[in-house]
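Q: One structure follows; several queries about it will come next.
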Protein chains: 2
Amino acid sequence: MKNLIIASTSTLHGGEYLEYLLPELEKHFEYCKTILFIPFARPSGISHEEYAFKVASAFAKIGKEIKGIHEVDDYSDAIQKAEGIFTGGGNTFLLVTQLYKKDCMIALAEAVKNGTPYLGTSAGSNICGLTMQTTNDMPIVYPPSFKTLGLIPFNLNPHYLDADMQSKHMGETRETRIAEFHSFNTIPVLGLREGSWLEVKGEKVVLKGGLKARLFRQNQIPVEMDSESDLSFLK
Amino acid sequence: MKNLIIASTSTLHGGEYLEYLLPELEKHFEYCKTILFIPFARPSGISHEEYAFKVASAFAKIGKEIKGIHEVDDYSDAIQKAEGIFTGGGNTFLLVTQLYKKDCMIALAEAVKNGTPYLGTSAGSNICGLTMQTTNDMPIVYPPSFKTLGLIPFNLNPHYLDADMQSKHMGETRETRIAEFHSFNTIPVLGLREGSWLEVKGEKVVLKGGLKARLFRQNQIPVEMDSESDLSFLK
């Protein structure tokens, strides 16, 4: 049975890395001694080692060890045998490119479908959707495909940001960008604000974290979904 | 001799479409009766026809006619024969995908290198660089390549936005995104604020419009370039 936490962000303003999620993660990874960490998204371009160190420091607070996938020889084997998996945020183009190049995409989808507890934040959440086409990231590398894990039957827009009505900046709002996506794609998109996460148990998807999320569907007016909403109807 | 205006944005806050650029455009397109308009980027998903109508209304103010490339049968021929060319903003992934699919990329680069006056705004400016990898746009379609026209020997980040130090949002700043690009790429990137444009005459590139631009180079601290700076040294 699928068992995922798919979070908008790793860090809330003024908080420490993963701090707001630790009580959830203690339950989520209850039966895991060691968690396999996928650092490929490299936020701000930091190295795999630096990133794994940061993640290990956070997970140490709930008594969990971190094993970076960059340390192993056989990625697929490590994914198959993992007790739990965490894919951190950073750049989604880089993450997806690396997952394809290192032949991890299928192994990762299969492990999570078979019940390995999974945590994603930001880019690590983006890849849980059908495609990475609603990422906010810059296309710093060219991935072989935009298709992702398809662990949920829709797409995410993490770090969802409401339009700032005071702004004099003329760049597109997030809502405009998602409307452009829907000019060419039918996949629903959930705008997940910072502090929100999805809890996936089997085919049940529930919005968690106290905030509303904004749901965009092709040819429909966007709607606000309350925290604790069951989103299993989406497809 | 190349002759380009490469603008950060089509529209300033509170202004009308292309309004702030019209005095420049009157000179730039002095010898053109009709300008070929490339509407492929489709901002907010509007149709080619709607977009061309909007552009024609703006250019009518300086006595220029607009011919939408979507109205012609032979794109390459239309580009070769154009007196002047304008590529409008919208979604860069969509624009680049269409330019490749319709076999326009080479014809467009050749026409502009041969001296056809060119105007780009936003996505239409992004494609003047070496690659589209420093766009702010959402990857709503999958282009066959990120390579673009290479009319200038560096990349652009249009609608460049300085970090908002008051923001509680944890998404990456523009500067962080460009730093991530430079973890994997050596191409210089010019952050072009709204109201700035580049004037390209032959191989000479000058920053115009009264604002500073922010220059990012791999392994170097970003620097502010004054308006009227000669940027021809960049490569």
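To be explicit about the labels: the chains of the structure tokens are called A, B, and onward in the order shown, and within each one the residues are counted from 1, while ligands get numbers from 1 in the order they are shown.
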Residues of range 110-217 of chain A classed as alpha helix (DSSP H) by DSSP on the backbone are to be reported as JSON, numbers by chain.
A: {"A": [110, 111, 112, 113, 123, 124, 125, 126, 174, 175, 176, 177, 178, 179, 180, 181, 182]}
Q: Write a file of the selected residues as a short mmCIF file (atom, residue, chain, number, x, y, z; two decimals), in the first residue's frame, keeping C-alpha atoms.
A:
```
data_model
loop_
_atom_site.label_atom_id
_atom_site.label_comp_id
_atom_site.auth_asym_id
_atom_site.auth_seq_id
_atom_site.Cartn_x
_atom_site.Cartn_y
_atom_site.Cartn_z
CA GLU A 110 7.88 0.47 -7.91
CA ALA A 111 9.33 0.67 -4.41
CA VAL A 112 6.85 3.35 -3.37
CA LYS A 113 3.92 1.54 -5.00
CA ALA A 123 11.26 19.03 -6.15
CA GLY A 124 10.99 15.65 -4.36
CA SER A 125 7.22 16.25 -4.27
CA ASN A 126 6.97 17.48 -7.85
CA ARG A 174 1.56 31.52 -10.60
CA GLU A 175 -2.11 31.27 -11.53
CA THR A 176 -1.40 32.61 -15.04
CA ARG A 177 1.39 30.07 -15.49
CA ILE A 178 -0.89 27.20 -14.50
CA ALA A 179 -3.60 28.55 -16.83
CA GLU A 180 -1.00 28.41 -19.65
CA PHE A 181 -0.28 24.79 -18.68
CA HIS A 182 -4.01 24.07 -18.99
#
```
Q: What are the nearest atom pairs, with distances in Å to one decimal, for all residues of chain B that come at most 9 Å from chain A, using only C-alpha atoms, set out by chain and rising residue number as a tab-separated table?
A:
```
residue	atom	partner	partner_atom	distance
B:Thr9	CA	A:Met170	CA	7.5
B:Ser10	CA	A:Met170	CA	9.0
B:Thr11	CA	A:Met170	CA	7.2
B:Leu12	CA	A:Met170	CA	6.9
B:His13	CA	A:Lys168	CA	5.4
B:Gly14	CA	A:Lys168	CA	8.2
B:Arg42	CA	A:Glu180	CA	8.4
B:Pro43	CA	A:Glu180	CA	7.4
B:Ser44	CA	A:Glu180	CA	5.3
B:Gly45	CA	A:Glu180	CA	5.0
B:Ile46	CA	A:Ser183	CA	8.7
B:Gly90	CA	A:Glu172	CA	8.6
B:Asn91	CA	A:Glu180	CA	7.8
B:Ser122	CA	A:Gly171	CA	9.0
B:Met132	CA	A:Pro139	CA	7.8
B:Gln133	CA	A:Pro139	CA	4.9
B:Thr134	CA	A:Met138	CA	6.2
B:Thr135	CA	A:Met138	CA	6.6
B:Asn136	CA	A:Met138	CA	6.3
B:Asp137	CA	A:Arg177	CA	7.4
B:Met138	CA	A:Thr134	CA	6.2
B:Pro139	CA	A:Gln133	CA	4.9
B:Ile140	CA	A:Phe181	CA	4.8
B:Val141	CA	A:Gln133	CA	7.4
B:Tyr142	CA	A:Phe146	CA	7.0
B:Ser145	CA	A:Tyr142	CA	7.6
B:Phe146	CA	A:Tyr142	CA	6.9
B:Pro158	CA	A:Gly171	CA	8.8
B:His159	CA	A:Gly171	CA	6.0
B:Tyr160	CA	A:Gly171	CA	8.9
B:Leu161	CA	A:His169	CA	8.0
B:Ser167	CA	A:His13	CA	8.9
B:Lys168	CA	A:His13	CA	5.4
B:His169	CA	A:His13	CA	6.8
B:Met170	CA	A:His13	CA	6.5
B:Gly171	CA	A:His159	CA	6.0
B:Glu172	CA	A:Asp137	CA	8.3
B:Thr176	CA	A:Ser44	CA	5.9
B:Arg177	CA	A:Met138	CA	6.3
B:Ile178	CA	A:Met138	CA	8.0
B:Ala179	CA	A:Ser44	CA	6.5
B:Glu180	CA	A:Gly45	CA	5.0
B:Phe181	CA	A:Ile140	CA	4.8
B:His182	CA	A:Ile140	CA	8.3
B:Ser183	CA	A:Gly45	CA	5.6
B:Phe184	CA	A:Ile140	CA	7.3
B:Asn185	CA	A:Ile140	CA	7.8
B:Glu194	CA	A:His169	CA	7.7
```
Q: Would you mind telling me which residue in A:Ile127, A:Leu119, A:Ala78, A:Leu36 lies nearest to Glu24 in chain A when using only C-alpha atoms?
A: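 Looking at the shortest contact to Glu24 in chain A, the residue is A:Leu119.
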Q: Extract, using only C-alpha atoms, all DNA, RNA and protein residues at most 12 Å from Phe53 in chain B, discarding same-chain residues fewer than 4 positions from it, and format them as a list in words.
A: Tyr17, Phe37, Pro39, Ile46, Ser47, His48, Glu49, Ser57, Ala58, Phe59, Ala60, Glu65, Ile66, Lys67 and Gly68 of chain B
Q: Taking C-alpha atoms for each residue, export the selection above as a PDB file, in the first residue's frame.
A:
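Done, and the output landed in result08.pdb:
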```pdb
ATOM      1  CA  TYR B  17       1.342  47.325 -24.329  1.00  0.00           C
ATOM      2  CA  PHE B  37       4.891  39.054 -35.879  1.00  0.00           C
ATOM      3  CA  PRO B  39       2.855  34.977 -31.765  1.00  0.00           C
ATOM      4  CA  ILE B  46      -4.517  33.488 -25.909  1.00  0.00           C
ATOM      5  CA  SER B  47      -4.910  32.568 -29.570  1.00  0.00           C
ATOM      6  CA  HIS B  48      -2.522  33.631 -32.323  1.00  0.00           C
ATOM      7  CA  GLU B  49      -5.267  35.832 -33.760  1.00  0.00           C
ATOM      8  CA  SER B  57      -3.153  47.924 -32.230  1.00  0.00           C
ATOM      9  CA  ALA B  58       0.112  48.985 -30.584  1.00  0.00           C
ATOM     10  CA  PHE B  59       2.097  49.223 -33.826  1.00  0.00           C
ATOM     11  CA  ALA B  60      -0.687  51.185 -35.531  1.00  0.00           C
ATOM     12  CA  GLU B  65       1.307  47.162 -40.142  1.00  0.00           C
ATOM     13  CA  ILE B  66       1.517  43.714 -38.564  1.00  0.00           C
ATOM     14  CA  LYS B  67       1.462  40.421 -40.434  1.00  0.00           C
ATOM     15  CA  GLY B  68       1.065  37.371 -38.177  1.00  0.00           C
TER      16      GLY B  68
END
```
Q: Could you tell me which of B:Ala213, B:Ile85, B:Val72, B:Leu99 comes closest to Phe29 in chain B if we count only C-alpha atoms?
A: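 Residue with the minimum atom-to-atom distance to Phe29 in chain B: B:Ile85.
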Q: Please indicate the distance in Å from CA of Glu228 in chain A to CA of Leu211 in chain A, rounded to one decimal place.
A: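 Separation between CA of Glu228 in chain A and CA of Leu211 in chain A: 9.2 Å.
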Q: From range 10-202 of chain B, collect each residue whose DSSP state is strand (DSSP E) and return the set as JSON, numbers by chain.
A: {"B": [34, 35, 36, 37, 38, 65, 66, 67, 68, 85, 86, 87, 118, 119, 120, 121, 155, 156, 157, 189, 190, 191, 197, 198, 199, 200, 201]}
Q: May I ask which of the residues B:Phe40, B:Trp197, B:Tyr51, B:Phe154 is the closest one to Ile6 in chain B, counting only C-alpha atoms?
A: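 Once distances to Ile6 in chain B are computed over only C-alpha atoms, the minimum belongs to B:Trp197.
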Q: Considering only C-alpha atoms, can you say which of B:Pro222, B:Asp77, B:Ile187, B:Pro23 comes closest to Lys235 in chain B?
A: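 The answer is B:Ile187, which sits nearest to Lys235 in chain B.
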Q: What is the distance, in Å and to one decimal place, between CA of Ser232 in chain A and CA of Pro153 in chain A?
A: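 Value for the CA of Ser232 in chain A-CA of Pro153 in chain A distance: 8.9 Å.
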Q: Enter the distance from CA of Ala109 in chain B to CA of Glu26 in chain B, in Å, rounded to one decimal.
A: 22.8 Å
Q: Between A:Ile35, A:Ala163, A:Leu4, A:Leu156, which residue has the minimum interatomic distance to Ala56 in chain A, considering only C-alpha atoms?
A: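 Selected residue with least distance to Ala56 in chain A: A:Ile35.
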Q: Of the candidates A:Ile62, A:Leu108, A:Asp162, A:Leu231, which one gets nearest to Val96 in chain A if we count only C-alpha atoms?
A: A:Leu108
